[in-house]
>>> print(open('model.tsv').read())   # TSV, C-alpha atoms
chain	number	residue	atom	x	y	z
A	1	SER	CA	61.58	153.20	95.05
A	2	VAL	CA	64.14	153.18	92.27
A	3	ILE	CA	67.02	153.12	94.77
A	4	LEU	CA	65.54	150.12	96.61
A	5	MET	CA	65.00	148.26	93.36
A	6	LYS	CA	68.61	148.89	92.33
A	7	ARG	CA	69.81	147.58	95.70
A	8	LYS	CA	67.76	144.41	95.29
A	9	ILE	CA	69.15	143.84	91.79
A	10	PHE	CA	72.69	144.48	93.04
A	11	ASN	CA	72.24	142.06	95.96
A	12	LEU	CA	70.85	139.42	93.62
A	13	PHE	CA	73.85	139.89	91.35
A	14	LEU	CA	76.21	139.42	94.32
A	15	ILE	CA	74.45	136.21	95.35
A	16	ILE	CA	74.76	134.77	91.83
A	17	LEU	CA	78.40	135.83	91.61
A	18	MET	CA	79.28	134.26	94.97
A	19	ALA	CA	77.56	131.04	93.98
A	20	MET	CA	79.59	130.88	90.78
A	21	VAL	CA	82.87	131.53	92.59
A	22	PHE	CA	82.44	129.06	95.44
A	23	SER	CA	80.57	126.26	93.71
A	24	PRO	CA	82.74	123.22	92.99
A	25	ILE	CA	83.82	122.81	89.38
A	26	VAL	CA	82.16	119.80	87.83
A	27	HIS	CA	84.16	118.19	85.05
A	28	ALA	CA	82.38	116.55	82.19
A	29	GLU	CA	82.22	112.83	82.83
A	30	ILE	CA	84.49	110.80	80.59
A	31	GLU	CA	82.85	107.65	79.34
A	32	LYS	CA	84.55	104.59	77.99
A	33	PRO	CA	83.19	102.89	74.88
A	34	THR	CA	81.46	99.54	74.91
A	35	GLY	CA	83.94	96.74	75.44
A	36	ALA	CA	86.61	99.00	76.96
A	37	GLU	CA	88.10	98.74	80.46
A	38	TRP	CA	89.51	101.44	82.72
A	39	LEU	CA	93.26	101.61	83.29
A	40	VAL	CA	92.94	104.52	85.69
A	41	ALA	CA	89.97	106.69	86.61
A	42	GLU	CA	90.91	109.25	89.21
A	43	GLY	CA	91.78	112.95	89.36
A	44	GLU	CA	92.83	114.29	85.98
A	45	ASN	CA	93.58	110.84	84.59
A	46	HIS	CA	90.75	108.83	83.07
A	47	VAL	CA	92.33	106.34	80.70
A	48	TRP	CA	90.74	103.26	79.17
A	49	TYR	CA	91.87	100.48	76.84
A	50	LYS	CA	90.11	98.33	74.31
A	51	ILE	CA	91.33	95.29	72.37
A	52	GLU	CA	89.68	94.47	69.07
A	53	GLY	CA	91.31	91.54	67.33
A	54	THR	CA	95.03	92.36	67.40
A	55	THR	CA	94.54	96.14	67.70
A	56	LEU	CA	94.91	97.87	71.06
A	57	THR	CA	93.39	101.34	71.51
A	58	ILE	CA	94.18	103.58	74.47
A	59	GLY	CA	91.69	106.41	75.01
A	60	GLY	CA	90.32	108.86	77.53
A	61	SER	CA	92.50	111.68	78.83
A	62	GLY	CA	95.56	112.30	80.98
A	63	ALA	CA	98.53	110.09	81.88
A	64	MET	CA	98.70	106.34	81.50
A	65	PRO	CA	99.84	104.47	84.62
A	66	LYS	CA	103.33	103.05	84.98
A	67	TRP	CA	103.89	99.31	84.79
A	68	THR	CA	106.68	97.00	85.82
A	69	ASN	CA	108.48	94.20	84.04
A	70	SER	CA	109.37	92.61	87.37
A	71	SER	CA	106.92	90.74	89.60
A	72	SER	CA	108.92	91.85	92.66
A	73	ASP	CA	108.38	95.58	92.07
A	74	ASP	CA	105.54	96.82	94.26
A	75	ASN	CA	106.02	100.53	93.53
A	76	TYR	CA	104.02	100.44	90.30
A	77	TYR	CA	101.12	98.51	88.91
A	78	GLN	CA	102.05	95.08	87.65
A	79	LYS	CA	102.23	94.02	83.99
A	80	ALA	CA	99.77	95.70	81.64
A	81	PRO	CA	96.57	93.74	80.88
A	82	TRP	CA	97.53	93.37	77.19
A	83	TYR	CA	100.89	91.76	78.00
A	84	ASN	CA	101.35	88.61	75.87
A	85	LYS	CA	98.15	89.30	73.90
A	86	ASN	CA	99.77	89.20	70.42
A	87	ILE	CA	98.98	92.85	69.69
A	88	THR	CA	100.06	94.01	66.20
A	89	ASN	CA	98.72	97.59	66.19
A	90	ILE	CA	98.60	100.17	68.98
A	91	ILE	CA	96.70	103.47	68.76
A	92	ILE	CA	97.14	106.11	71.46
A	93	GLY	CA	94.27	108.61	71.67
A	94	ASP	CA	94.75	112.33	71.14
A	95	GLU	CA	93.94	113.31	74.74
A	96	ILE	CA	96.55	111.05	76.36
A	97	THR	CA	99.49	113.10	77.69
A	98	ILE	CA	102.01	110.56	79.03
A	99	ILE	CA	102.74	106.97	78.05
A	100	GLY	CA	103.89	105.30	81.26
A	101	GLU	CA	106.97	103.17	81.91
A	102	ASN	CA	106.89	99.63	80.50
A	103	SER	CA	103.41	100.16	79.01
A	104	PHE	CA	104.10	98.01	75.96
A	105	TYR	CA	107.26	96.27	77.08
A	106	LYS	CA	108.27	93.11	75.19
A	107	ASN	CA	105.72	92.90	72.38
A	108	ASP	CA	106.93	90.34	69.86
A	109	TYR	CA	104.11	90.94	67.37
A	110	LEU	CA	103.76	94.72	67.25
A	111	VAL	CA	104.08	96.18	63.72
A	112	SER	CA	102.50	99.65	63.96
A	113	PHE	CA	102.46	102.26	66.73
A	114	LYS	CA	100.51	105.55	66.53
A	115	ILE	CA	101.09	108.22	69.18
A	116	GLY	CA	98.28	110.74	69.82
A	117	LYS	CA	98.84	114.40	69.06
A	118	ASN	CA	98.90	115.54	72.72
A	119	VAL	CA	101.33	112.95	74.09
A	120	GLN	CA	104.25	114.91	75.58
A	121	LYS	CA	106.33	112.17	77.14
A	122	LEU	CA	107.22	108.59	76.34
A	123	GLU	CA	108.57	107.22	79.63
A	124	SER	CA	111.37	104.67	80.03
A	125	GLN	CA	111.02	101.38	78.16
A	126	ALA	CA	107.42	102.09	77.23
A	127	LEU	CA	107.96	100.27	73.96
A	128	ARG	CA	111.15	98.28	74.49
A	129	GLU	CA	111.62	94.95	72.71
A	130	ALA	CA	109.24	95.20	69.77
A	131	PRO	CA	111.40	93.35	67.22
A	132	LYS	CA	108.80	93.47	64.41
A	133	LEU	CA	107.90	97.16	64.73
A	134	GLU	CA	108.06	98.84	61.30
A	135	ASN	CA	105.89	101.95	61.49
A	136	ILE	CA	105.83	104.76	64.08
A	137	GLU	CA	103.58	107.81	63.83
A	138	PHE	CA	104.69	110.47	66.31
A	139	GLY	CA	102.36	113.07	67.85
A	140	GLU	CA	102.98	116.77	67.30
A	141	LYS	CA	103.52	117.63	70.99
A	142	LEU	CA	106.03	114.94	71.89
A	143	GLU	CA	108.95	116.46	73.82
A	144	PHE	CA	110.73	113.51	75.43
A	145	ILE	CA	111.58	109.95	74.40
A	146	GLY	CA	112.71	107.92	77.42
A	147	VAL	CA	115.35	105.24	77.95
A	148	GLY	CA	115.29	102.20	75.66
A	149	ASN	CA	111.96	102.92	74.02
A	150	PHE	CA	112.61	101.73	70.47
A	151	TYR	CA	115.42	99.32	71.15
A	152	LYS	CA	116.01	96.84	68.30
A	153	THR	CA	113.08	97.28	65.90
A	154	GLU	CA	112.57	96.85	62.15
A	155	ILE	CA	112.38	100.62	61.47
A	156	THR	CA	114.16	101.67	58.26
A	157	SER	CA	113.48	105.42	58.24
A	158	LEU	CA	112.82	107.76	61.16
A	159	THR	CA	111.32	111.27	61.07
A	160	LEU	CA	111.26	112.78	64.55
A	161	PRO	CA	108.62	115.47	65.19
A	162	GLU	CA	109.12	119.21	65.60
A	163	GLY	CA	108.85	119.99	69.31
A	164	LEU	CA	110.96	117.03	70.41
A	165	LYS	CA	113.64	118.21	72.86
A	166	GLU	CA	115.38	115.18	74.32
A	167	ILE	CA	116.19	111.59	73.39
A	168	ALA	CA	117.32	109.47	76.35
A	169	ASN	CA	119.90	106.67	76.60
A	170	PHE	CA	119.46	103.62	74.33
A	171	ALA	CA	116.24	105.05	72.85
A	172	PHE	CA	116.95	103.76	69.32
A	173	ARG	CA	119.87	101.44	70.03
A	174	ASN	CA	120.48	98.48	67.72
A	175	ASN	CA	118.01	99.52	65.04
A	176	ASN	CA	120.25	97.85	62.50
A	177	LYS	CA	117.89	98.34	59.55
A	178	LEU	CA	117.65	102.09	60.10
A	179	THR	CA	119.12	103.88	57.07
A	180	LYS	CA	117.89	107.48	57.49
A	181	ILE	CA	117.08	109.84	60.39
A	182	ILE	CA	115.51	113.30	60.23
A	183	PHE	CA	116.07	115.42	63.36
A	184	PRO	CA	113.81	118.41	64.17
A	185	SER	CA	114.99	121.96	64.75
A	186	THR	CA	113.87	121.79	68.39
A	187	LEU	CA	116.12	118.91	69.49
A	188	GLU	CA	118.37	119.91	72.39
A	189	LYS	CA	119.86	116.70	73.75
A	190	ILE	CA	120.81	113.22	72.53
A	191	GLU	CA	121.96	110.93	75.34
A	192	ASN	CA	124.55	108.16	75.30
A	193	SER	CA	123.98	105.13	73.03
A	194	SER	CA	120.74	106.62	71.67
A	195	PHE	CA	121.53	105.57	68.09
A	196	SER	CA	124.41	103.13	68.53
A	197	LEU	CA	124.29	100.10	66.23
A	198	SER	CA	125.56	96.57	66.52
A	199	THR	CA	126.04	96.44	62.73
A	200	LYS	CA	128.42	98.91	61.11
A	201	ASN	CA	127.39	101.13	58.20
A	202	ALA	CA	123.64	100.48	58.38
A	203	LEU	CA	122.74	104.15	58.86
A	204	LYS	CA	123.55	106.10	55.69
A	205	GLU	CA	121.90	109.50	55.98
A	206	ILE	CA	121.12	112.09	58.65
A	207	VAL	CA	119.11	115.27	58.08
A	208	SER	CA	119.02	117.89	60.82
A	209	TYR	CA	116.94	121.07	60.82
A	210	ASN	CA	118.66	122.29	63.97
A	211	THR	CA	120.90	125.33	63.41
A	212	THR	CA	122.55	124.73	66.79
A	213	PRO	CA	123.67	121.11	67.23
A	214	PRO	CA	122.07	119.28	70.15
A	215	THR	CA	124.19	118.26	73.13
A	216	ILE	CA	125.56	114.74	72.71
A	217	GLY	CA	125.75	112.83	76.00
A	218	GLY	CA	128.64	110.44	75.56
A	219	SER	CA	130.99	109.13	72.92
A	220	SER	CA	128.83	106.15	71.96
A	221	ALA	CA	125.63	108.01	71.06
A	222	PHE	CA	126.28	107.08	67.41
A	223	GLU	CA	128.57	104.09	67.89
A	224	ASN	CA	129.19	102.12	64.66
A	225	VAL	CA	127.49	104.85	62.61
A	226	ASN	CA	129.40	105.90	59.49
A	227	ILE	CA	127.01	107.93	57.33
A	228	ASP	CA	127.40	108.83	53.68
A	229	LYS	CA	125.34	112.01	53.78
A	230	LEU	CA	124.69	114.75	56.35
A	231	THR	CA	122.30	117.62	55.59
A	232	ILE	CA	122.14	120.66	57.88
A	233	PRO	CA	120.74	124.22	57.48
A	234	SER	CA	123.01	126.83	55.94
A	235	GLY	CA	124.70	128.98	58.58
A	236	SER	CA	124.59	126.21	61.20
A	237	ILE	CA	127.14	126.35	63.99
>>> encode(input="model.tsv", output="structure tokens")
Amino acid sequence: SVILMKRKIFNLFLIILMAMVFSPIVHAEIEKPTGAEWLVAEGENHVWYKIEGTTLTIGGSGAMPKWTNSSSDDNYYQKAPWYNKNITNIIIGDEITIIGENSFYKNDYLVSFKIGKNVQKLESQALREAPKLENIEFGEKLEFIGVGNFYKTEITSLTLPEGLKEIANFAFRNNNKLTKIIFPSTLEKIENSSFSLSTKNALKEIVSYNTTPPTIGGSSAFENVNIDKLTIPSGSI
């Protein structure tokens, strides 16, 4: 009968619906390219690295692991596999979300660093002690720059991305060749010694698009900075 047929169709629909609801979700498998090695491959984090010549590429998706710069620290992984590999260029893939602590610590040869568009957080000392670093390309979703990340580089001009909210202690300390900084409208907090210099009068110009000044955490955030030009939006507080 028509009623029986409708019941059968309805029951079949329920079976299909229940199967869809209770079946485990299968994520698309993330593959690493030829020549690459896994850094982490578990849960939501599947991150690989590949070294070609002096270029290091980090790909996959999710958060990079944390590293340590001390052999006595058992809480994290040990030194990154590219440590002391004379890397000059680093490229972070667009699906990476967090660059872990000490990831690129003490890289004497690094010149260029490109951050993928979905990186939200640069953890403490991820890029500390890169004395030859000249070029940084920031991703559009970066919100936090951790402690000591760009300490003492060769950067001469710095444009920080819209969306950035906080710059931690010592993040750009002793960048004595830095002459100009552009701050985004989203910046909320600049911590102590973030832009302090060891050489007076190196930094000449600051441009801020923030109508409400960010909180400054300490009197030495801009120690030895004596700029010639400050540009802020009209009507700023």
>>> residues_near_point(input="model.tsv", point="(88.6, 96.8, 70.2)", cutoff="12 Å", atoms="all atoms listed in the file", output="number ranges by chain")
A: 32-37, 48-59, 82, 87, 89-91
>>> residues_around(input="model.tsv", residues="Ser193 (chain A)", least_positions_apart="3", cutoff="6 Å", atoms="all atoms listed in the file", output="NGL selection string")
:A and (169-170 or 196 or 220-221)
>>> closest_residue(input="model.tsv", among="A:Lys152, A:Glu134, A:Pro213, A:Lys229", to="Leu197 (chain A)", atoms="all atoms listed in the file")
A:Lys152
>>> atom_distance(input="model.tsv", atom1="CA of Pro65 (chain A)", atom2="CA of Leu122 (chain A)")
11.8 Å
>>> atom_distance(input="model.tsv", atom1="CA of Ser236 (chain A)", atom2="CA of Ile181 (chain A)")
18.0 Å
>>> atom_distance(input="model.tsv", atom1="CA of Ser198 (chain A)", atom2="CA of Asn174 (chain A)")
5.6 Å
>>> closest_residue(input="model.tsv", among="A:Thr179, A:Gln125, A:Asn210, A:Thr186", to="Val225 (chain A)", atoms="all atoms listed in the file")
A:Thr179
>>> residues_around(input="model.tsv", residues="Asn176 (chain A)", least_positions_apart="5", cutoff="12 Å", atoms="all atoms listed in the file", output="ChimeraX atom specification")
/A:131,150-157,195-204,223-225
>>> write_last_selection(input="model.tsv", atoms="C-alpha atoms", output="compact mmCIF listing (two decimals), in the coordinates of the input")
# COMPACT_ATOMS: atom_id res chain seq x y z
CA PRO A 131 111.40 93.35 67.22
CA PHE A 150 112.61 101.73 70.47
CA TYR A 151 115.42 99.32 71.15
CA LYS A 152 116.01 96.84 68.30
CA THR A 153 113.08 97.28 65.90
CA GLU A 154 112.57 96.85 62.15
CA ILE A 155 112.38 100.62 61.47
CA THR A 156 114.16 101.67 58.26
CA SER A 157 113.48 105.42 58.24
CA PHE A 195 121.53 105.57 68.09
CA SER A 196 124.41 103.13 68.53
CA LEU A 197 124.29 100.10 66.23
CA SER A 198 125.56 96.57 66.52
CA THR A 199 126.04 96.44 62.73
CA LYS A 200 128.42 98.91 61.11
CA ASN A 201 127.39 101.13 58.20
CA ALA A 202 123.64 100.48 58.38
CA LEU A 203 122.74 104.15 58.86
CA LYS A 204 123.55 106.10 55.69
CA GLU A 223 128.57 104.09 67.89
CA ASN A 224 129.19 102.12 64.66
CA VAL A 225 127.49 104.85 62.61
>>> closest_residue(input="model.tsv", among="A:Lys132, A:Lys141, A:Lys189, A:Lys85", to="Asn118 (chain A)", atoms="only C-alpha atoms")
A:Lys141
>>> closest_residue(input="model.tsv", among="A:Leu178, A:Leu187, A:Ile99, A:Val207", to="Glu162 (chain A)", atoms="all atoms listed in the file")
A:Leu187
>>> residues_around(input="model.tsv", residues="Lys117 (chain A)", least_positions_apart="6", cutoff="12 Å", atoms="all atoms listed in the file", output="list in words")
Ser61, Ile91, Ile92, Gly93, Asp94, Glu95, Ile96, Thr97, Ile98, Glu137, Phe138, Gly139, Glu140, Lys141, Leu142, Glu143, Pro161, Glu162 and Gly163 of chain A
>>> residues_around(input="model.tsv", residues="Leu160 (chain A)", least_positions_apart="5", cutoff="7 Å", atoms="only C-alpha atoms", output="PyMOL selection string")
chain A and resi 182-184
>>> closest_residue(input="model.tsv", among="A:Gln120, A:Ser112, A:Asn149, A:Asn69", to="Ile136 (chain A)", atoms="all atoms listed in the file")
A:Ser112
>>> closest_residue(input="model.tsv", among="A:Asp108, A:Asp228, A:Glu188, A:Glu31", to="Tyr209 (chain A)", atoms="only C-alpha atoms")
A:Glu188
>>> axis_aligned_box(input="model.tsv", around="region 203-217 of chain A", padding_each_side="5 Å", output="AutoDock Vina command-line options")
--center_x 121.3 --center_y 114.7 --center_z 65.8 --size_x 18.8 --size_y 31.2 --size_z 30.3
>>> decode(input="model.tsv", residues="region 113-127 of chain A", atoms="all heavy atoms", output="PDB file, in the first residue's frame")
ATOM      1  N   PHE A 113      62.543  35.801   6.195  1.00  0.00           N
ATOM      2  CA  PHE A 113      61.592  35.001   6.963  1.00  0.00           C
ATOM      3  C   PHE A 113      60.181  35.350   6.522  1.00  0.00           C
ATOM      4  O   PHE A 113      59.741  36.488   6.655  1.00  0.00           O
ATOM      5  CB  PHE A 113      61.766  35.289   8.453  1.00  0.00           C
ATOM      6  CG  PHE A 113      60.931  34.430   9.359  1.00  0.00           C
ATOM      7  CD1 PHE A 113      61.127  33.063   9.410  1.00  0.00           C
ATOM      8  CD2 PHE A 113      59.977  34.994  10.193  1.00  0.00           C
ATOM      9  CE1 PHE A 113      60.372  32.268  10.258  1.00  0.00           C
ATOM     10  CE2 PHE A 113      59.219  34.218  11.050  1.00  0.00           C
ATOM     11  CZ  PHE A 113      59.421  32.842  11.081  1.00  0.00           C
ATOM     12  N   LYS A 114      59.445  34.359   5.976  1.00  0.00           N
ATOM     13  CA  LYS A 114      58.081  34.577   5.504  1.00  0.00           C
ATOM     14  C   LYS A 114      57.107  33.788   6.366  1.00  0.00           C
ATOM     15  O   LYS A 114      57.213  32.574   6.488  1.00  0.00           O
ATOM     16  CB  LYS A 114      57.936  34.150   4.040  1.00  0.00           C
ATOM     17  CG  LYS A 114      56.530  34.366   3.485  1.00  0.00           C
ATOM     18  CD  LYS A 114      56.421  33.918   2.038  1.00  0.00           C
ATOM     19  CE  LYS A 114      55.008  34.129   1.504  1.00  0.00           C
ATOM     20  NZ  LYS A 114      54.881  33.678   0.095  1.00  0.00           N
ATOM     21  N   ILE A 115      56.137  34.497   6.946  1.00  0.00           N
ATOM     22  CA  ILE A 115      55.156  33.891   7.845  1.00  0.00           C
ATOM     23  C   ILE A 115      53.855  33.664   7.081  1.00  0.00           C
ATOM     24  O   ILE A 115      53.311  34.587   6.477  1.00  0.00           O
ATOM     25  CB  ILE A 115      54.904  34.787   9.069  1.00  0.00           C
ATOM     26  CG1 ILE A 115      56.220  35.033   9.816  1.00  0.00           C
ATOM     27  CG2 ILE A 115      53.865  34.173   9.993  1.00  0.00           C
ATOM     28  CD1 ILE A 115      56.100  36.014  10.959  1.00  0.00           C
ATOM     29  N   GLY A 116      53.331  32.460   7.117  1.00  0.00           N
ATOM     30  CA  GLY A 116      52.101  32.108   6.410  1.00  0.00           C
ATOM     31  C   GLY A 116      50.907  32.914   6.876  1.00  0.00           C
ATOM     32  O   GLY A 116      50.852  33.406   8.004  1.00  0.00           O
ATOM     33  N   LYS A 117      49.898  33.005   6.006  1.00  0.00           N
ATOM     34  CA  LYS A 117      48.780  33.919   6.250  1.00  0.00           C
ATOM     35  C   LYS A 117      47.893  33.523   7.417  1.00  0.00           C
ATOM     36  O   LYS A 117      47.140  34.355   7.936  1.00  0.00           O
ATOM     37  CB  LYS A 117      47.933  34.053   4.978  1.00  0.00           C
ATOM     38  CG  LYS A 117      47.225  32.795   4.543  1.00  0.00           C
ATOM     39  CD  LYS A 117      46.428  33.027   3.267  1.00  0.00           C
ATOM     40  CE  LYS A 117      45.680  31.789   2.823  1.00  0.00           C
ATOM     41  NZ  LYS A 117      44.916  32.027   1.571  1.00  0.00           N
ATOM     42  N   ASN A 118      47.941  32.261   7.868  1.00  0.00           N
ATOM     43  CA  ASN A 118      47.083  31.826   8.974  1.00  0.00           C
ATOM     44  C   ASN A 118      47.815  31.669  10.301  1.00  0.00           C
ATOM     45  O   ASN A 118      47.215  31.208  11.283  1.00  0.00           O
ATOM     46  CB  ASN A 118      46.389  30.511   8.612  1.00  0.00           C
ATOM     47  CG  ASN A 118      45.258  30.724   7.616  1.00  0.00           C
ATOM     48  OD1 ASN A 118      44.387  31.562   7.825  1.00  0.00           O
ATOM     49  ND2 ASN A 118      45.275  29.977   6.527  1.00  0.00           N
ATOM     50  N   VAL A 119      49.075  32.040  10.350  1.00  0.00           N
ATOM     51  CA  VAL A 119      49.804  32.000  11.621  1.00  0.00           C
ATOM     52  C   VAL A 119      49.243  33.069  12.547  1.00  0.00           C
ATOM     53  O   VAL A 119      49.209  34.247  12.204  1.00  0.00           O
ATOM     54  CB  VAL A 119      51.317  32.217  11.414  1.00  0.00           C
ATOM     55  CG1 VAL A 119      52.031  32.362  12.760  1.00  0.00           C
ATOM     56  CG2 VAL A 119      51.913  31.058  10.629  1.00  0.00           C
ATOM     57  N   GLN A 120      48.801  32.647  13.742  1.00  0.00           N
ATOM     58  CA  GLN A 120      48.203  33.559  14.703  1.00  0.00           C
ATOM     59  C   GLN A 120      49.161  33.966  15.807  1.00  0.00           C
ATOM     60  O   GLN A 120      49.025  35.038  16.396  1.00  0.00           O
ATOM     61  CB  GLN A 120      46.965  32.907  15.331  1.00  0.00           C
ATOM     62  CG  GLN A 120      45.894  32.543  14.328  1.00  0.00           C
ATOM     63  CD  GLN A 120      44.843  31.640  14.930  1.00  0.00           C
ATOM     64  OE1 GLN A 120      44.705  31.537  16.140  1.00  0.00           O
ATOM     65  NE2 GLN A 120      44.081  30.971  14.086  1.00  0.00           N
ATOM     66  N   LYS A 121      50.131  33.103  16.078  1.00  0.00           N
ATOM     67  CA  LYS A 121      50.976  33.323  17.252  1.00  0.00           C
ATOM     68  C   LYS A 121      52.418  32.929  16.966  1.00  0.00           C
ATOM     69  O   LYS A 121      52.695  31.870  16.422  1.00  0.00           O
ATOM     70  CB  LYS A 121      50.429  32.502  18.422  1.00  0.00           C
ATOM     71  CG  LYS A 121      51.103  32.750  19.750  1.00  0.00           C
ATOM     72  CD  LYS A 121      50.405  31.944  20.841  1.00  0.00           C
ATOM     73  CE  LYS A 121      51.006  32.221  22.208  1.00  0.00           C
ATOM     74  NZ  LYS A 121      50.351  31.416  23.264  1.00  0.00           N
ATOM     75  N   LEU A 122      53.308  33.818  17.340  1.00  0.00           N
ATOM     76  CA  LEU A 122      54.745  33.587  17.263  1.00  0.00           C
ATOM     77  C   LEU A 122      55.228  33.465  18.701  1.00  0.00           C
ATOM     78  O   LEU A 122      55.351  34.463  19.409  1.00  0.00           O
ATOM     79  CB  LEU A 122      55.409  34.766  16.548  1.00  0.00           C
ATOM     80  CG  LEU A 122      56.742  34.579  15.854  1.00  0.00           C
ATOM     81  CD1 LEU A 122      56.667  33.508  14.786  1.00  0.00           C
ATOM     82  CD2 LEU A 122      57.212  35.884  15.242  1.00  0.00           C
ATOM     83  N   GLU A 123      55.465  32.244  19.174  1.00  0.00           N
ATOM     84  CA  GLU A 123      55.769  32.035  20.585  1.00  0.00           C
ATOM     85  C   GLU A 123      57.170  32.524  20.939  1.00  0.00           C
ATOM     86  O   GLU A 123      57.971  32.876  20.084  1.00  0.00           O
ATOM     87  CB  GLU A 123      55.587  30.563  20.941  1.00  0.00           C
ATOM     88  CG  GLU A 123      54.133  30.109  20.898  1.00  0.00           C
ATOM     89  CD  GLU A 123      53.924  28.720  21.456  1.00  0.00           C
ATOM     90  OE1 GLU A 123      54.881  27.914  21.441  1.00  0.00           O
ATOM     91  OE2 GLU A 123      52.797  28.433  21.906  1.00  0.00           O
ATOM     92  N   SER A 124      57.463  32.513  22.231  1.00  0.00           N
ATOM     93  CA  SER A 124      58.693  33.114  22.775  1.00  0.00           C
ATOM     94  C   SER A 124      59.953  32.608  22.078  1.00  0.00           C
ATOM     95  O   SER A 124      60.137  31.403  21.900  1.00  0.00           O
ATOM     96  CB  SER A 124      58.800  32.816  24.270  1.00  0.00           C
ATOM     97  OG  SER A 124      57.726  33.380  24.971  1.00  0.00           O
ATOM     98  N   GLN A 125      60.798  33.543  21.706  1.00  0.00           N
ATOM     99  CA  GLN A 125      62.123  33.284  21.159  1.00  0.00           C
ATOM    100  C   GLN A 125      62.111  32.368  19.933  1.00  0.00           C
ATOM    101  O   GLN A 125      63.089  31.688  19.647  1.00  0.00           O
ATOM    102  CB  GLN A 125      63.048  32.714  22.242  1.00  0.00           C
ATOM    103  CG  GLN A 125      63.175  33.628  23.440  1.00  0.00           C
ATOM    104  CD  GLN A 125      64.267  33.229  24.393  1.00  0.00           C
ATOM    105  OE1 GLN A 125      65.225  33.971  24.591  1.00  0.00           O
ATOM    106  NE2 GLN A 125      64.143  32.065  25.000  1.00  0.00           N
ATOM    107  N   ALA A 126      61.013  32.369  19.221  1.00  0.00           N
ATOM    108  CA  ALA A 126      60.926  31.527  18.027  1.00  0.00           C
ATOM    109  C   ALA A 126      61.976  31.901  16.994  1.00  0.00           C
ATOM    110  O   ALA A 126      62.428  31.066  16.217  1.00  0.00           O
ATOM    111  CB  ALA A 126      59.535  31.627  17.415  1.00  0.00           C
ATOM    112  N   LEU A 127      62.380  33.159  16.998  1.00  0.00           N
ATOM    113  CA  LEU A 127      63.333  33.622  15.991  1.00  0.00           C
ATOM    114  C   LEU A 127      64.439  34.471  16.624  1.00  0.00           C
ATOM    115  O   LEU A 127      64.991  35.345  15.983  1.00  0.00           O
ATOM    116  CB  LEU A 127      62.608  34.425  14.910  1.00  0.00           C
ATOM    117  CG  LEU A 127      63.277  34.435  13.540  1.00  0.00           C
ATOM    118  CD1 LEU A 127      63.094  33.084  12.866  1.00  0.00           C
ATOM    119  CD2 LEU A 127      62.716  35.523  12.652  1.00  0.00           C
TER     120      LEU A 127
END
